[in-house]
file data16.cif (mmCIF, C-alpha atoms)
data_run
#
loop_
_atom_site.group_PDB
_atom_site.id
_atom_site.type_symbol
_atom_site.label_atom_id
_atom_site.label_comp_id
_atom_site.auth_asym_id
_atom_site.auth_seq_id
_atom_site.Cartn_x
_atom_site.Cartn_y
_atom_site.Cartn_z
ATOM 1 C CA MET O 1 68.622 -95.689 -6.448
ATOM 2 C CA PRO O 2 66.260 -93.833 -4.075
ATOM 3 C CA ASN O 3 64.836 -90.424 -4.837
ATOM 4 C CA LEU O 4 64.423 -87.433 -2.545
ATOM 5 C CA LEU O 5 60.960 -85.872 -2.904
ATOM 6 C CA CYS O 6 60.440 -82.532 -1.137
ATOM 7 C CA VAL O 7 57.245 -80.590 -0.467
ATOM 8 C CA GLY O 8 57.457 -77.018 0.806
ATOM 9 C CA THR O 9 54.428 -75.831 2.759
ATOM 10 C CA ALA O 10 53.003 -72.545 4.024
ATOM 11 C CA GLY O 11 53.428 -73.150 7.733
ATOM 12 C CA MET O 12 54.677 -76.742 8.107
ATOM 13 C CA SER O 13 58.256 -76.406 6.800
ATOM 14 C CA VAL O 14 59.569 -79.025 4.324
ATOM 15 C CA TRP O 15 58.464 -82.648 4.225
ATOM 16 C CA PHE O 16 60.713 -85.355 2.738
ATOM 17 C CA SER O 17 59.969 -88.724 1.146
ATOM 18 C CA ARG O 18 62.588 -91.251 0.051
ATOM 19 C CA ASP O 19 60.145 -93.801 -1.368
ATOM 20 C CA ASP O 20 58.370 -91.720 -4.016
ATOM 21 C CA GLY O 21 55.683 -90.388 -1.729
ATOM 22 C CA GLU O 22 54.635 -93.511 0.162
ATOM 23 C CA THR O 23 55.955 -92.334 3.545
ATOM 24 C CA TRP O 24 57.032 -88.927 4.847
ATOM 25 C CA ILE O 25 59.144 -87.291 7.517
ATOM 26 C CA ARG O 26 59.573 -83.697 8.641
ATOM 27 C CA PRO O 27 62.904 -83.131 10.424
ATOM 28 C CA TYR O 28 62.594 -81.665 13.912
ATOM 29 C CA ILE O 29 63.749 -78.180 14.816
ATOM 30 C CA GLU O 30 67.231 -79.410 15.770
ATOM 31 C CA SER O 31 67.731 -80.011 12.044
ATOM 32 C CA GLY O 32 68.072 -76.236 11.670
ATOM 33 C CA LEU O 33 64.733 -75.054 10.234
ATOM 34 C CA TYR O 34 61.702 -73.959 12.253
ATOM 35 C CA LEU O 35 58.983 -76.641 12.172
ATOM 36 C CA GLU O 36 56.310 -74.128 11.198
ATOM 37 C CA ALA O 37 58.347 -72.205 8.631
ATOM 38 C CA ARG O 38 56.600 -70.967 5.531
ATOM 39 C CA VAL O 39 58.561 -72.362 2.580
ATOM 40 C CA TRP O 40 57.625 -70.639 -0.654
ATOM 41 C CA ALA O 41 60.345 -71.970 -2.997
ATOM 42 C CA LEU O 42 62.590 -75.023 -3.357
ATOM 43 C CA SER O 43 65.515 -75.591 -5.707
ATOM 44 C CA ALA O 44 67.945 -78.435 -6.405
ATOM 45 C CA HIS O 45 70.700 -78.858 -8.965
ATOM 46 C CA PRO O 46 71.771 -82.031 -10.821
ATOM 47 C CA LYS O 47 75.416 -81.318 -9.993
ATOM 48 C CA ARG O 48 74.646 -81.254 -6.244
ATOM 49 C CA PRO O 49 72.681 -84.431 -5.419
ATOM 50 C CA GLY O 50 71.428 -84.464 -1.857
ATOM 51 C CA GLU O 51 71.429 -80.676 -1.597
ATOM 52 C CA VAL O 52 68.219 -78.623 -1.521
ATOM 53 C CA LEU O 53 67.748 -74.867 -1.225
ATOM 54 C CA ALA O 54 64.653 -73.581 0.572
ATOM 55 C CA GLY O 55 63.360 -70.028 0.287
ATOM 56 C CA THR O 56 61.412 -69.191 3.429
ATOM 57 C CA ASP O 57 59.892 -66.385 5.476
ATOM 58 C CA SER O 58 63.168 -66.180 7.410
ATOM 59 C CA GLY O 59 65.778 -66.299 4.668
ATOM 60 C CA LEU O 60 67.568 -68.929 2.616
ATOM 61 C CA TYR O 61 68.405 -72.420 3.919
ATOM 62 C CA ARG O 62 70.438 -75.306 2.482
ATOM 63 C CA TRP O 63 69.631 -78.962 3.198
ATOM 64 C CA ASN O 64 72.449 -81.539 3.281
ATOM 65 C CA GLU O 65 71.225 -85.093 2.908
ATOM 66 C CA GLY O 66 74.469 -86.478 4.325
ATOM 67 C CA ASP O 67 74.051 -85.046 7.825
ATOM 68 C CA GLN O 68 70.271 -84.449 7.599
ATOM 69 C CA LYS O 69 70.693 -80.777 8.493
ATOM 70 C CA TRP O 70 69.462 -77.384 7.351
ATOM 71 C CA THR O 71 72.007 -74.549 7.309
ATOM 72 C CA HIS O 72 70.876 -70.945 7.318
ATOM 73 C CA LEU O 73 72.710 -68.814 4.732
ATOM 74 C CA PRO O 74 72.594 -65.322 6.298
ATOM 75 C CA SER O 75 72.295 -62.456 3.829
ATOM 76 C CA VAL O 76 70.207 -59.458 2.870
ATOM 77 C CA LEU O 77 67.467 -61.992 2.056
ATOM 78 C CA ASP O 78 66.744 -62.439 5.762
ATOM 79 C CA GLY O 79 64.593 -59.325 5.544
ATOM 80 C CA TYR O 80 62.364 -60.730 2.786
ATOM 81 C CA ASP O 81 60.025 -63.608 2.051
ATOM 82 C CA ILE O 82 61.706 -65.686 -0.667
ATOM 83 C CA TRP O 83 59.026 -66.593 -3.212
ATOM 84 C CA ALA O 84 61.032 -67.725 -6.247
ATOM 85 C CA MET O 85 64.434 -69.235 -6.884
ATOM 86 C CA ALA O 86 66.473 -70.638 -9.780
ATOM 87 C CA GLN O 87 70.000 -72.017 -10.148
ATOM 88 C CA ALA O 88 71.893 -71.670 -13.403
ATOM 89 C CA PRO O 89 71.924 -74.974 -15.306
ATOM 90 C CA ASP O 90 75.650 -74.581 -15.971
ATOM 91 C CA ASP O 91 76.599 -73.383 -12.463
ATOM 92 C CA PRO O 92 74.838 -74.392 -9.224
ATOM 93 C CA ASP O 93 76.575 -71.537 -7.388
ATOM 94 C CA THR O 94 74.698 -68.961 -9.473
ATOM 95 C CA ILE O 95 71.417 -68.494 -7.620
ATOM 96 C CA VAL O 96 68.772 -65.950 -8.598
ATOM 97 C CA VAL O 97 66.120 -65.216 -5.988
ATOM 98 C CA GLY O 98 62.813 -63.329 -6.148
ATOM 99 C CA THR O 99 61.132 -61.935 -3.062
ATOM 100 C CA GLN O 100 58.169 -60.207 -1.486
ATOM 101 C CA PRO O 101 58.267 -57.171 -1.522
ATOM 102 C CA ALA O 102 59.110 -57.593 -5.206
ATOM 103 C CA ALA O 103 62.868 -57.588 -5.782
ATOM 104 C CA ILE O 104 65.465 -59.850 -7.388
ATOM 105 C CA PHE O 105 68.884 -60.754 -5.969
ATOM 106 C CA VAL O 106 71.792 -62.639 -7.549
ATOM 107 C CA SER O 107 74.483 -64.780 -5.934
ATOM 108 C CA THR O 108 77.491 -66.169 -7.804
ATOM 109 C CA ASP O 109 79.123 -67.762 -4.735
ATOM 110 C CA GLY O 110 76.577 -70.369 -3.738
ATOM 111 C CA GLY O 111 74.525 -68.113 -1.497
ATOM 112 C CA LYS O 112 77.319 -66.615 0.590
ATOM 113 C CA SER O 113 76.384 -63.157 -0.670
ATOM 114 C CA PHE O 114 73.641 -61.604 -2.796
ATOM 115 C CA THR O 115 73.633 -58.482 -4.953
ATOM 116 C CA PRO O 116 70.395 -56.618 -5.717
ATOM 117 C CA ALA O 117 69.512 -56.730 -9.404
ATOM 118 C CA GLN O 118 68.686 -53.572 -11.312
ATOM 119 C CA GLY O 119 65.053 -53.330 -12.269
ATOM 120 C CA SER O 120 61.802 -51.587 -11.533
ATOM 121 C CA PHE O 121 58.971 -53.475 -9.864
ATOM 122 C CA ALA O 122 55.583 -52.369 -8.572
ATOM 123 C CA ASP O 123 55.396 -51.599 -4.860
ATOM 124 C CA ALA O 124 51.663 -52.154 -4.270
ATOM 125 C CA CYS O 125 49.194 -54.925 -5.114
ATOM 126 C CA ILE O 126 45.426 -54.814 -4.632
ATOM 127 C CA PHE O 127 45.327 -58.560 -3.881
ATOM 128 C CA VAL O 128 48.364 -59.344 -1.711
ATOM 129 C CA GLY O 129 49.448 -55.900 -0.495
ATOM 130 C CA LYS O 130 53.066 -56.002 -1.568
ATOM 131 C CA PRO O 131 53.868 -57.556 -4.970
ATOM 132 C CA ARG O 132 55.953 -60.716 -5.079
ATOM 133 C CA VAL O 133 58.109 -62.494 -7.637
ATOM 134 C CA THR O 134 56.228 -65.737 -8.234
ATOM 135 C CA GLN O 135 58.680 -67.506 -10.561
ATOM 136 C CA ILE O 136 62.191 -67.186 -11.978
ATOM 137 C CA ILE O 137 63.464 -69.469 -14.741
ATOM 138 C CA PHE O 138 66.592 -69.719 -16.843
ATOM 139 C CA ASP O 139 65.918 -69.749 -20.573
ATOM 140 C CA PRO O 140 66.774 -73.234 -21.973
ATOM 141 C CA VAL O 141 67.754 -71.726 -25.334
ATOM 142 C CA ASP O 142 69.866 -68.746 -24.246
ATOM 143 C CA LYS O 143 71.868 -69.379 -21.060
ATOM 144 C CA ASP O 144 72.243 -65.659 -20.337
ATOM 145 C CA THR O 145 68.493 -64.948 -20.449
ATOM 146 C CA LEU O 146 66.183 -65.266 -17.447
ATOM 147 C CA TRP O 147 62.473 -64.684 -16.994
ATOM 148 C CA ALA O 148 60.531 -63.524 -13.953
ATOM 149 C CA GLY O 149 56.832 -63.293 -13.242
ATOM 150 C CA VAL O 150 55.615 -60.734 -10.731
ATOM 151 C CA GLU O 151 52.287 -60.750 -8.923
ATOM 152 C CA ILE O 152 51.132 -58.128 -9.803
ATOM 153 C CA ASP O 153 53.564 -56.517 -12.267
ATOM 154 C CA GLY O 154 53.702 -58.644 -15.390
ATOM 155 C CA VAL O 155 56.612 -60.420 -17.096
ATOM 156 C CA HIS O 156 60.228 -59.261 -16.746
ATOM 157 C CA ARG O 157 63.249 -60.428 -18.748
ATOM 158 C CA SER O 158 66.996 -60.321 -18.137
ATOM 159 C CA THR O 159 69.630 -60.870 -20.828
ATOM 160 C CA ASP O 160 72.683 -60.675 -18.527
ATOM 161 C CA ARG O 161 72.115 -63.620 -16.165
ATOM 162 C CA GLY O 162 69.863 -61.728 -13.834
ATOM 163 C CA ARG O 163 71.843 -58.555 -13.162
ATOM 164 C CA THR O 164 69.408 -56.196 -14.911
ATOM 165 C CA TRP O 165 65.712 -56.603 -15.736
ATOM 166 C CA LYS O 166 63.266 -55.068 -18.191
ATOM 167 C CA LYS O 167 59.498 -55.379 -18.175
ATOM 168 C CA VAL O 168 58.107 -56.947 -21.377
ATOM 169 C CA GLY O 169 54.854 -58.557 -22.403
ATOM 170 C CA GLN O 170 52.610 -56.061 -24.115
ATOM 171 C CA GLY O 171 49.078 -57.329 -24.668
ATOM 172 C CA ILE O 172 49.035 -59.810 -21.805
ATOM 173 C CA ASN O 173 45.515 -60.156 -20.434
ATOM 174 C CA SER O 174 46.537 -59.798 -16.779
ATOM 175 C CA GLU O 175 49.578 -58.493 -14.886
ATOM 176 C CA ASP O 176 48.917 -61.142 -12.215
ATOM 177 C CA ILE O 177 51.620 -63.589 -13.303
ATOM 178 C CA HIS O 178 51.628 -67.006 -11.638
ATOM 179 C CA GLY O 179 53.979 -69.117 -13.752
ATOM 180 C CA LEU O 180 56.242 -69.090 -16.810
ATOM 181 C CA ALA O 181 57.586 -71.684 -19.223
ATOM 182 C CA ILE O 182 59.927 -71.518 -22.201
ATOM 183 C CA ILE O 183 59.058 -74.188 -24.762
ATOM 184 C CA ARG O 184 61.591 -75.148 -27.403
ATOM 185 C CA GLN O 185 60.043 -76.239 -30.687
ATOM 186 C CA GLU O 186 62.830 -78.369 -32.056
ATOM 187 C CA GLY O 187 62.313 -79.031 -35.740
ATOM 188 C CA ILE O 188 59.474 -76.511 -35.901
ATOM 189 C CA ARG O 189 60.083 -73.068 -37.361
ATOM 190 C CA ASN O 190 63.822 -73.702 -37.209
ATOM 191 C CA GLY O 191 63.674 -74.342 -33.481
ATOM 192 C CA SER O 192 61.564 -71.341 -32.534
ATOM 193 C CA LYS O 193 60.744 -70.590 -28.913
ATOM 194 C CA LEU O 194 57.393 -70.177 -27.204
ATOM 195 C CA VAL O 195 57.025 -68.210 -23.983
ATOM 196 C CA TYR O 196 53.990 -69.071 -21.856
ATOM 197 C CA ALA O 197 52.670 -67.072 -18.908
ATOM 198 C CA THR O 198 49.892 -68.230 -16.586
ATOM 199 C CA THR O 199 47.632 -65.675 -14.897
ATOM 200 C CA ASN O 200 44.448 -65.348 -12.873
ATOM 201 C CA ARG O 201 42.635 -64.773 -16.185
ATOM 202 C CA GLY O 202 44.188 -67.581 -18.174
ATOM 203 C CA LEU O 203 47.087 -68.752 -20.324
ATOM 204 C CA ASN O 204 49.046 -66.290 -22.472
ATOM 205 C CA LEU O 205 51.475 -67.075 -25.300
ATOM 206 C CA SER O 206 54.331 -65.105 -26.836
ATOM 207 C CA ARG O 207 55.981 -66.008 -30.147
ATOM 208 C CA ASP O 208 58.380 -63.043 -30.189
ATOM 209 C CA ASN O 209 60.577 -63.718 -27.151
ATOM 210 C CA GLY O 210 58.179 -62.137 -24.709
ATOM 211 C CA GLU O 211 57.727 -58.788 -26.396
ATOM 212 C CA THR O 212 53.986 -59.355 -26.906
ATOM 213 C CA PHE O 213 51.506 -61.922 -25.579
ATOM 214 C CA ALA O 214 48.103 -63.163 -26.675
ATOM 215 C CA PHE O 215 45.451 -64.913 -24.597
ATOM 216 C CA GLN O 216 45.081 -68.631 -25.377
ATOM 217 C CA GLU O 217 41.604 -69.683 -24.234
ATOM 218 C CA LEU O 218 41.285 -73.111 -22.640
ATOM 219 C CA ASP O 219 38.409 -75.508 -23.234
ATOM 220 C CA SER O 220 37.720 -75.562 -19.510
ATOM 221 C CA PRO O 221 35.086 -74.378 -17.022
ATOM 222 C CA TRP O 222 37.746 -72.014 -15.654
ATOM 223 C CA GLN O 223 40.527 -69.899 -17.132
ATOM 224 C CA TYR O 224 42.513 -69.541 -13.879
ATOM 225 C CA THR O 225 45.959 -71.100 -14.421
ATOM 226 C CA ARG O 226 48.858 -71.514 -12.023
ATOM 227 C CA THR O 227 51.810 -73.672 -13.080
ATOM 228 C CA ILE O 228 53.070 -74.602 -16.539
ATOM 229 C CA VAL O 229 55.935 -77.116 -16.731
ATOM 230 C CA PRO O 230 57.524 -78.944 -19.697
ATOM 231 C CA ARG O 231 58.191 -82.610 -19.007
ATOM 232 C CA ALA O 232 61.886 -83.088 -18.370
ATOM 233 C CA ASP O 233 62.575 -85.307 -21.395
ATOM 234 C CA GLY O 234 61.751 -82.564 -23.882
ATOM 235 C CA ASP O 235 59.333 -79.742 -24.425
ATOM 236 C CA ALA O 236 56.634 -81.362 -26.568
ATOM 237 C CA THR O 237 54.816 -82.675 -23.471
ATOM 238 C CA VAL O 238 53.732 -79.865 -21.166
ATOM 239 C CA PHE O 239 51.636 -79.825 -17.987
ATOM 240 C CA LEU O 240 49.333 -76.975 -16.946
ATOM 241 C CA THR O 241 47.438 -76.584 -13.667
ATOM 242 C CA ASN O 242 43.926 -75.160 -13.975
ATOM 243 C CA GLY O 243 41.214 -74.558 -11.405
ATOM 244 C CA ASN O 244 38.494 -72.320 -10.056
ATOM 245 C CA GLY O 245 40.746 -69.958 -8.120
ATOM 246 C CA PRO O 246 43.192 -69.635 -5.250
ATOM 247 C CA PRO O 247 43.069 -71.962 -3.390
ATOM 248 C CA GLY O 248 39.878 -72.946 -5.161
ATOM 249 C CA SER O 249 37.665 -75.923 -4.429
ATOM 250 C CA THR O 250 38.384 -78.020 -7.516
ATOM 251 C CA GLY O 251 40.462 -78.068 -10.690
ATOM 252 C CA ARG O 252 42.222 -80.109 -13.349
ATOM 253 C CA LEU O 253 45.681 -80.982 -14.510
ATOM 254 C CA LEU O 254 45.927 -80.424 -18.263
ATOM 255 C CA ARG O 255 48.465 -82.077 -20.552
ATOM 256 C CA SER O 256 49.658 -81.134 -24.023
ATOM 257 C CA THR O 257 51.747 -83.281 -26.333
ATOM 258 C CA ASP O 258 52.236 -80.605 -28.995
ATOM 259 C CA HIS O 259 54.106 -77.800 -27.233
ATOM 260 C CA GLY O 260 50.918 -76.368 -25.688
ATOM 261 C CA ALA O 261 48.895 -75.940 -28.858
ATOM 262 C CA HIS O 262 46.165 -78.293 -27.586
ATOM 263 C CA TRP O 263 45.297 -79.435 -24.066
ATOM 264 C CA GLN O 264 43.561 -82.510 -22.651
ATOM 265 C CA ASP O 265 42.484 -83.388 -19.122
ATOM 266 C CA ALA O 266 45.195 -85.552 -17.536
ATOM 267 C CA ASN O 267 42.480 -87.160 -15.381
ATOM 268 C CA LEU O 268 43.789 -86.867 -11.845
ATOM 269 C CA PRO O 269 41.801 -89.445 -9.856
ATOM 270 C CA GLY O 270 39.158 -88.688 -7.276
ATOM 271 C CA GLU O 271 37.669 -85.383 -6.180
ATOM 272 C CA LEU O 272 40.144 -82.517 -6.006
ATOM 273 C CA ASN O 273 40.002 -80.283 -2.920
ATOM 274 C CA SER O 274 41.522 -77.204 -4.621
ATOM 275 C CA THR O 275 43.347 -75.998 -7.720
ATOM 276 C CA PRO O 276 46.368 -78.150 -8.689
ATOM 277 C CA TRP O 277 49.379 -76.032 -7.782
ATOM 278 C CA THR O 278 52.766 -77.698 -8.342
ATOM 279 C CA VAL O 279 54.313 -80.095 -10.876
ATOM 280 C CA ALA O 280 57.656 -81.827 -10.253
ATOM 281 C CA THR O 281 59.631 -83.521 -13.044
ATOM 282 C CA HIS O 282 63.300 -84.507 -13.376
ATOM 283 C CA PRO O 283 65.478 -85.506 -16.368
ATOM 284 C CA SER O 284 66.856 -88.588 -14.585
ATOM 285 C CA ASN O 285 63.423 -90.217 -14.902
ATOM 286 C CA PRO O 286 60.993 -88.057 -16.913
ATOM 287 C CA LYS O 287 58.242 -90.667 -16.523
ATOM 288 C CA LEU O 288 58.087 -90.007 -12.760
ATOM 289 C CA ILE O 289 55.975 -86.908 -12.088
ATOM 290 C CA PHE O 290 54.399 -85.516 -8.929
ATOM 291 C CA VAL O 291 51.525 -83.041 -8.690
ATOM 292 C CA CYS O 292 50.205 -81.314 -5.565
ATOM 293 C CA SER O 293 46.979 -79.403 -5.133
ATOM 294 C CA ASN O 294 47.095 -76.080 -3.322
ATOM 295 C CA LEU O 295 45.529 -77.658 -0.222
ATOM 296 C CA GLY O 296 47.853 -80.619 -0.093
ATOM 297 C CA GLN O 297 46.585 -83.539 -2.157
ATOM 298 C CA LEU O 298 49.440 -85.483 -3.772
ATOM 299 C CA PHE O 299 49.386 -87.397 -7.058
ATOM 300 C CA ARG O 300 52.051 -89.531 -8.761
ATOM 301 C CA SER O 301 52.538 -90.757 -12.308
ATOM 302 C CA THR O 302 55.147 -93.325 -13.289
ATOM 303 C CA ASP O 303 54.324 -93.346 -17.025
ATOM 304 C CA GLY O 304 54.927 -89.733 -17.973
ATOM 305 C CA GLY O 305 51.443 -88.478 -17.142
ATOM 306 C CA GLU O 306 49.349 -91.129 -18.895
ATOM 307 C CA THR O 307 47.904 -92.433 -15.609
ATOM 308 C CA TRP O 308 47.913 -91.144 -12.031
ATOM 309 C CA THR O 309 47.686 -92.475 -8.494
ATOM 310 C CA LYS O 310 46.442 -90.393 -5.581
ATOM 311 C CA LEU O 311 48.783 -90.954 -2.659
ATOM 312 C CA PRO O 312 47.326 -91.225 0.842
ATOM 313 C CA ARG O 313 49.371 -88.416 2.409
ATOM 314 C CA GLU O 314 47.809 -84.949 2.385
ATOM 315 C CA PHE O 315 49.468 -81.737 3.544
ATOM 316 C CA GLY O 316 48.252 -78.272 4.416
ATOM 317 C CA GLU O 317 48.877 -75.468 1.952
ATOM 318 C CA VAL O 318 51.559 -76.469 -0.569
ATOM 319 C CA ARG O 319 53.804 -73.953 -2.326
ATOM 320 C CA SER O 320 56.663 -75.905 -3.944
ATOM 321 C CA THR O 321 57.487 -79.488 -4.927
ATOM 322 C CA ILE O 322 60.736 -80.913 -6.308
ATOM 323 C CA TRP O 323 62.401 -84.290 -6.550
ATOM 324 C CA GLN O 324 65.920 -85.501 -7.365
ATOM 325 C CA PRO O 325 67.774 -88.833 -7.423
ATOM 326 C CA LEU O 326 70.051 -89.456 -4.466
ATOM 327 C CA PRO O 327 73.656 -90.536 -5.014
#
call {"tool": "encode", "arguments": {"input": "data16.cif", "output": "structure tokens"}}
result
Amino acid sequence: MPNLLCVGTAGMSVWFSRDDGETWIRPYIESGLYLEARVWALSAHPKRPGEVLAGTDSGLYRWNEGDQKWTHLPSVLDGYDIWAMAQAPDDPDTIVVGTQPAAIFVSTDGGKSFTPAQGSFADACIFVGKPRVTQIIFDPVDKDTLWAGVEIDGVHRSTDRGRTWKKVGQGINSEDIHGLAIIRQEGIRNGSKLVYATTNRGLNLSRDNGETFAFQELDSPWQYTRTIVPRADGDATVFLTNGNGPPGSTGRLLRSTDHGAHWQDANLPGELNSTPWTVATHPSNPKLIFVCSNLGQLFRSTDGGETWTKLPREFGEVRSTIWQPLP
């Protein structure tokens, strides 16, 4: 069964591979998406194989593998850059989107319409001008809870499937949130939950459902962290991207096998050109993992992160990477 690997770029649209990264194509403009679109976020759902959602600088698009076409889904989102996106695990038609300027919108009809969520987000950022929602995730323990990271406005939590949001996270060492992960500790503390947040100043951990965070220093030359992702076969193995800044000139992929308590270098091969930026994993084959650096280097593991191969293809600036099995 082939897989569909997608890389969203900042200025070169979406690239597709159907042989696990060996060869690549970028559909021409007649496919429905501008060839030089900036694609900040990608999403796919296990119940919709062959379908991909792309959040861009010109609204939301849906890819259909059957006819090899992008379809624009016109909505209020056309006036925003779409920086983050998540689909409910139990319902692919529930789509929660985060934007720049910072706002969150919810669709329950597969993207036909979006309703603004209730929440308060910062309207100015010293680094990027207008704050942006950098990640949205559904809580794997509580299906009605969602989490959002805002650059720069800290961690926000929703307990009603994204309709209303509250800022949480007292004690976090930076409001510049890059990534979030919810780690289930099955068999530990009666299945307690860890909430991780990555920032420009390092990794932060909450043990009280996001109410408070504490800095977790890394044994690394740098504390800058970007993406934190549990491997898809369970939450004990977690990947963390770490480097010397955005985009940076070098970095490391870190791996933990104990829910993030300890980290080791995953030993990406060769000389990295920037901070590792994205990690793609899928429950259909948790051993197959892809990592991209911010400036387009691509790495693949087929043994769950034990060893890595650098693939020959390099992109420009990468923002999102996902893969899914095709039907």
call {"tool": "resolve_selection", "arguments": {"input": "data16.cif", "expression": "the PyMOL selection byres ((chain O and resi 292-296) around 6)", "output": "PyMOL selection string"}}
result
chain O and resi 247+274-278+291+297-298+314-318
call {"tool": "residues_around", "arguments": {"input": "data16.cif", "residues": "O:Cys6", "least_positions_apart": "3", "cutoff": "12 Å", "atoms": "all atoms listed in the file", "output": "ChimeraX atom specification"}}
result
/O:3,9,13-21,23-27,39,41-44,50-54,63,65,278-281,290-292,298,315,318-325
call {"tool": "write_last_selection", "arguments": {"input": "data16.cif", "atoms": "C-alpha atoms", "output": "compact mmCIF listing (two decimals), in the coordinates of the input"}}
result
# COMPACT_ATOMS: atom_id res chain seq x y z
CA ASN O 3 64.84 -90.42 -4.84
CA THR O 9 54.43 -75.83 2.76
CA SER O 13 58.26 -76.41 6.80
CA VAL O 14 59.57 -79.03 4.32
CA TRP O 15 58.46 -82.65 4.22
CA PHE O 16 60.71 -85.36 2.74
CA SER O 17 59.97 -88.72 1.15
CA ARG O 18 62.59 -91.25 0.05
CA ASP O 19 60.14 -93.80 -1.37
CA ASP O 20 58.37 -91.72 -4.02
CA GLY O 21 55.68 -90.39 -1.73
CA THR O 23 55.96 -92.33 3.54
CA TRP O 24 57.03 -88.93 4.85
CA ILE O 25 59.14 -87.29 7.52
CA ARG O 26 59.57 -83.70 8.64
CA PRO O 27 62.90 -83.13 10.42
CA VAL O 39 58.56 -72.36 2.58
CA ALA O 41 60.34 -71.97 -3.00
CA LEU O 42 62.59 -75.02 -3.36
CA SER O 43 65.52 -75.59 -5.71
CA ALA O 44 67.94 -78.44 -6.40
CA GLY O 50 71.43 -84.46 -1.86
CA GLU O 51 71.43 -80.68 -1.60
CA VAL O 52 68.22 -78.62 -1.52
CA LEU O 53 67.75 -74.87 -1.23
CA ALA O 54 64.65 -73.58 0.57
CA TRP O 63 69.63 -78.96 3.20
CA GLU O 65 71.22 -85.09 2.91
CA THR O 278 52.77 -77.70 -8.34
CA VAL O 279 54.31 -80.10 -10.88
CA ALA O 280 57.66 -81.83 -10.25
CA THR O 281 59.63 -83.52 -13.04
CA PHE O 290 54.40 -85.52 -8.93
CA VAL O 291 51.52 -83.04 -8.69
CA CYS O 292 50.20 -81.31 -5.56
CA LEU O 298 49.44 -85.48 -3.77
CA PHE O 315 49.47 -81.74 3.54
CA VAL O 318 51.56 -76.47 -0.57
CA ARG O 319 53.80 -73.95 -2.33
CA SER O 320 56.66 -75.90 -3.94
CA THR O 321 57.49 -79.49 -4.93
CA ILE O 322 60.74 -80.91 -6.31
CA TRP O 323 62.40 -84.29 -6.55
CA GLN O 324 65.92 -85.50 -7.36
CA PRO O 325 67.77 -88.83 -7.42
call {"tool": "residues_near_point", "arguments": {"input": "data16.cif", "point": "(74.0, -51.6, -9.5)", "cutoff": "9 Å", "atoms": "only C-alpha atoms", "output": "JSON, numbers by chain"}}
result
{"O": [115, 116, 117, 118, 163, 164]}
call {"tool": "residues_around", "arguments": {"input": "data16.cif", "residues": "O:Ala84", "least_positions_apart": "2", "cutoff": "10 Å", "atoms": "all atoms listed in the file", "output": "short mmCIF file (atom, residue, chain, number, x, y, z; two decimals) with C-alpha atoms, in the frame of the given file"}}
result
data_model
loop_
_atom_site.label_atom_id
_atom_site.label_comp_id
_atom_site.auth_asym_id
_atom_site.auth_seq_id
_atom_site.Cartn_x
_atom_site.Cartn_y
_atom_site.Cartn_z
CA TRP O 40 57.62 -70.64 -0.65
CA ALA O 41 60.34 -71.97 -3.00
CA LEU O 42 62.59 -75.02 -3.36
CA SER O 43 65.52 -75.59 -5.71
CA ALA O 54 64.65 -73.58 0.57
CA GLY O 55 63.36 -70.03 0.29
CA THR O 56 61.41 -69.19 3.43
CA ASP O 81 60.02 -63.61 2.05
CA ILE O 82 61.71 -65.69 -0.67
CA ALA O 86 66.47 -70.64 -9.78
CA VAL O 96 68.77 -65.95 -8.60
CA VAL O 97 66.12 -65.22 -5.99
CA GLY O 98 62.81 -63.33 -6.15
CA THR O 99 61.13 -61.94 -3.06
CA GLN O 100 58.17 -60.21 -1.49
CA ILE O 104 65.46 -59.85 -7.39
CA ARG O 132 55.95 -60.72 -5.08
CA VAL O 133 58.11 -62.49 -7.64
CA THR O 134 56.23 -65.74 -8.23
CA GLN O 135 58.68 -67.51 -10.56
CA ILE O 136 62.19 -67.19 -11.98
CA ILE O 137 63.46 -69.47 -14.74
CA ALA O 148 60.53 -63.52 -13.95
CA GLY O 149 56.83 -63.29 -13.24
CA VAL O 150 55.62 -60.73 -10.73
CA SER O 320 56.66 -75.90 -3.94
#
call {"tool": "residues_around", "arguments": {"input": "data16.cif", "residues": "O:Ile177", "least_positions_apart": "2", "cutoff": "6 Å", "atoms": "all atoms listed in the file", "output": "list in words"}}
result
Gly149, Val150, Glu151, Gly154, Glu175, Thr198 and Thr199 of chain O
call {"tool": "axis_aligned_box", "arguments": {"input": "data16.cif", "around": "stretch 20-25 of chain O", "padding_each_side": "4 Å", "output": "lines of an AutoDock Vina configuration file"}}
result
center_x = 56.9
center_y = -90.4
center_z = 1.8
size_x = 12.5
size_y = 14.2
size_z = 19.5
